file protein-v2.cif (mmCIF, C-alpha atoms)
data_structure
loop_
_atom_site.group_PDB
_atom_site.id
_atom_site.type_symbol
_atom_site.label_atom_id
_atom_site.label_comp_id
_atom_site.auth_asym_id
_atom_site.auth_seq_id
_atom_site.Cartn_x
_atom_site.Cartn_y
_atom_site.Cartn_z
ATOM 1 C CA MET C 1 122.611 57.839 105.228
ATOM 2 C CA ARG C 2 125.264 60.562 105.081
ATOM 3 C CA CYS C 3 123.266 62.423 102.490
ATOM 4 C CA TRP C 4 120.207 62.550 104.758
ATOM 5 C CA THR C 5 122.302 63.614 107.733
ATOM 6 C CA SER C 6 123.880 66.404 105.710
ATOM 7 C CA LEU C 7 120.465 67.569 104.508
ATOM 8 C CA LEU C 8 119.144 67.517 108.074
ATOM 9 C CA VAL C 9 122.069 69.603 109.321
ATOM 10 C CA LEU C 10 121.606 72.114 106.476
ATOM 11 C CA ALA C 11 117.875 72.346 107.157
ATOM 12 C CA LEU C 12 118.467 72.969 110.854
ATOM 13 C CA ALA C 13 121.036 75.640 110.081
ATOM 14 C CA ALA C 14 118.610 77.372 107.713
ATOM 15 C CA CYS C 15 115.921 77.392 110.382
ATOM 16 C CA GLY C 16 118.071 79.199 112.937
ATOM 17 C CA ALA C 17 116.949 81.390 115.788
ATOM 18 C CA GLY C 18 116.036 84.242 113.461
ATOM 19 C CA ASP C 19 118.474 86.619 115.077
ATOM 20 C CA ASP C 20 119.840 87.593 111.693
ATOM 21 C CA THR C 21 116.794 89.668 110.728
ATOM 22 C CA ALA C 22 116.706 93.462 110.745
ATOM 23 C CA ASP C 23 114.037 95.262 112.729
ATOM 24 C CA GLY C 24 113.449 98.189 110.404
ATOM 25 C CA THR C 25 110.669 100.746 110.619
ATOM 26 C CA ARG C 26 107.933 98.329 111.600
ATOM 27 C CA ALA C 27 109.671 96.942 114.696
ATOM 28 C CA LEU C 28 109.582 98.307 118.253
ATOM 29 C CA CYS C 29 110.436 101.826 117.084
ATOM 30 C CA ALA C 30 107.332 101.816 114.889
ATOM 31 C CA GLU C 31 105.292 101.554 118.076
ATOM 32 C CA GLY C 32 105.743 104.858 119.824
ATOM 33 C CA GLY C 33 109.083 106.140 118.555
ATOM 34 C CA ALA C 34 110.538 108.301 121.331
ATOM 35 C CA ILE C 35 108.225 106.703 123.895
ATOM 36 C CA ASN C 36 110.092 103.435 123.360
ATOM 37 C CA GLU C 37 113.438 105.256 123.597
ATOM 38 C CA CYS C 38 114.206 104.815 119.922
ATOM 39 C CA GLY C 39 116.252 107.978 119.943
ATOM 40 C CA ASP C 40 116.865 110.466 117.180
ATOM 41 C CA VAL C 41 113.875 109.737 114.998
ATOM 42 C CA ALA C 42 112.860 113.106 113.536
ATOM 43 C CA HIS C 43 114.696 116.283 114.452
ATOM 44 C CA ASP C 44 114.164 118.037 111.136
ATOM 45 C CA PRO C 45 111.469 118.089 108.446
ATOM 46 C CA GLN C 46 113.449 115.807 106.121
ATOM 47 C CA ALA C 47 113.859 113.096 108.773
ATOM 48 C CA ALA C 48 110.194 113.326 109.757
ATOM 49 C CA CYS C 49 109.105 112.905 106.151
ATOM 50 C CA TRP C 50 111.555 110.016 105.631
ATOM 51 C CA ARG C 51 109.874 108.277 108.568
ATOM 52 C CA MET C 52 106.533 108.704 106.817
ATOM 53 C CA VAL C 53 107.997 107.269 103.586
ATOM 54 C CA ASP C 54 109.575 104.353 105.476
ATOM 55 C CA CYS C 55 106.223 103.606 107.110
ATOM 56 C CA GLY C 56 104.455 103.615 103.755
ATOM 57 C CA ALA C 57 102.296 106.588 104.773
ATOM 58 C CA ILE C 58 103.372 108.725 101.801
ATOM 59 C CA PRO C 59 105.166 107.955 98.535
ATOM 60 C CA LEU C 60 108.673 109.196 97.869
ATOM 61 C CA HIS C 61 107.623 110.919 94.648
ATOM 62 C CA GLN C 62 104.379 111.571 92.799
ATOM 63 C CA ALA C 63 104.333 112.811 89.222
ATOM 64 C CA GLU C 64 101.536 115.279 89.943
ATOM 65 C CA ASP C 65 102.606 118.368 91.918
ATOM 66 C CA TYR C 66 99.440 118.478 93.996
ATOM 67 C CA ARG C 67 99.805 114.913 95.366
ATOM 68 C CA PHE C 68 101.215 114.580 98.895
ATOM 69 C CA ASP C 69 104.700 113.049 98.699
ATOM 70 C CA TRP C 70 108.082 113.504 100.396
ATOM 71 C CA ASP C 71 108.783 116.905 98.796
ATOM 72 C CA ASN C 72 105.352 118.247 99.706
ATOM 73 C CA CYS C 73 105.698 116.857 103.228
ATOM 74 C CA VAL C 74 108.988 118.709 103.766
ATOM 75 C CA ALA C 75 107.564 121.921 102.291
ATOM 76 C CA ARG C 76 104.459 121.650 104.468
ATOM 77 C CA ILE C 77 106.481 121.235 107.676
ATOM 78 C CA GLU C 78 108.980 123.952 106.729
ATOM 79 C CA GLY C 79 106.071 126.318 106.044
ATOM 80 C CA LEU C 80 104.877 126.079 109.653
ATOM 81 C CA ALA C 81 105.862 128.291 112.552
ATOM 82 C CA SER C 82 108.738 126.981 114.694
ATOM 83 C CA THR C 83 106.518 125.706 117.525
ATOM 84 C CA GLN C 84 104.152 124.009 115.112
ATOM 85 C CA GLN C 85 107.093 122.366 113.337
ATOM 86 C CA LYS C 86 108.288 120.899 116.634
ATOM 87 C CA LEU C 87 104.810 119.566 117.454
ATOM 88 C CA VAL C 88 104.343 117.956 114.044
ATOM 89 C CA MET C 89 107.821 116.373 114.062
ATOM 90 C CA ALA C 90 107.404 115.102 117.646
ATOM 91 C CA CYS C 91 104.050 113.596 116.696
ATOM 92 C CA ILE C 92 105.550 111.852 113.655
ATOM 93 C CA ALA C 93 108.386 110.508 115.806
ATOM 94 C CA ALA C 94 105.970 109.135 118.429
ATOM 95 C CA ALA C 95 103.248 107.812 116.090
ATOM 96 C CA THR C 96 102.950 104.252 114.886
ATOM 97 C CA CYS C 97 103.193 103.531 111.175
ATOM 98 C CA ASP C 98 99.489 102.712 111.082
ATOM 99 C CA GLN C 99 98.647 106.078 112.656
ATOM 100 C CA LEU C 100 100.795 107.901 110.112
ATOM 101 C CA LYS C 101 98.909 106.239 107.249
ATOM 102 C CA ASP C 102 95.624 107.859 108.291
ATOM 103 C CA ASP C 103 94.823 110.581 105.685
ATOM 104 C CA ASN C 104 98.297 112.132 105.311
ATOM 105 C CA GLY C 105 98.907 111.645 109.001
ATOM 106 C CA PRO C 106 96.964 113.099 111.896
ATOM 107 C CA CYS C 107 100.153 114.817 113.066
ATOM 108 C CA PHE C 108 99.665 117.633 110.560
ATOM 109 C CA ALA C 109 96.599 118.743 112.522
ATOM 110 C CA PHE C 110 99.060 120.225 115.034
ATOM 111 C CA GLY C 111 100.243 122.593 112.320
ATOM 112 C CA GLU C 112 96.826 124.027 111.595
ATOM 113 C CA ASN C 113 95.735 127.343 113.050
#

call {"tool": "encode", "arguments": {"input": "protein-v2.cif", "output": "structure tokens"}}
result
Amino acid sequence: MRCWTSLLVLALAACGAGDDTADGTRALCAEGGAINECGDVAHDPQAACWRMVDCGAIPLHQAEDYRFDWDNCVARIEGLASTQQKLVMACIAAATCDQLKDDNGPCFAFGEN
């Protein structure tokens, strides 16, 4: 009987409230970024591109130079005019992960002339 009681207590402890999980990129801050008051999401090109990597929108590194990855993302944002950089980074900060996955991210349309 003690064995079963011990197993029951261990099973209940393992099935806790779930408050020990981490939110990560796909939690509330993945849904609207600054709109949900998630704070300092992307204030520079590197942080904006890390958000895209964390969301699974772009890979960290591609072997081919012409493939869009973190390095190319940073270079693309840094190559924009100052106002365009701010628009693209604000869009990345406010977009959901699913929106960022759409063809290299719709946010880069703000950088086009």

call {"tool": "atom_distance", "arguments": {"input": "protein-v2.cif", "atom1": "CA of Leu100 (chain C)", "atom2": "CA of Gln46 (chain C)"}}
result
15.4 Å

call {"tool": "atom_distance", "arguments": {"input": "protein-v2.cif", "atom1": "CA of Asp69 (chain C)", "atom2": "CA of Asp44 (chain C)"}}
result
16.4 Å

call {"tool": "closest_residue", "arguments": {"input": "protein-v2.cif", "among": "C:Ile92, C:Ala47, C:Lys101, C:Ala109", "to": "Val74 (chain C)", "atoms": "only C-alpha atoms"}}
result
C:Ala47

call {"tool": "atom_distance", "arguments": {"input": "protein-v2.cif", "atom1": "CA of Val53 (chain C)", "atom2": "CA of Asp71 (chain C)"}}
result
10.8 Å

call {"tool": "resolve_selection", "arguments": {"input": "protein-v2.cif", "expression": "the PyMOL selection byres ((chain C and resi 79-89) around 6)", "output": "JSON, numbers by chain"}}
result
{"C": [48, 75, 76, 77, 78, 90, 91, 92, 107, 108, 110, 111]}

call {"tool": "axis_aligned_box", "arguments": {"input": "protein-v2.cif", "around": "region 77-91 of chain C", "padding_each_side": "5 Å", "output": "lines of an AutoDock Vina configuration file"}}
result
center_x = 106.5
center_y = 120.9
center_z = 111.8
size_x = 14.9
size_y = 24.7
size_z = 21.6
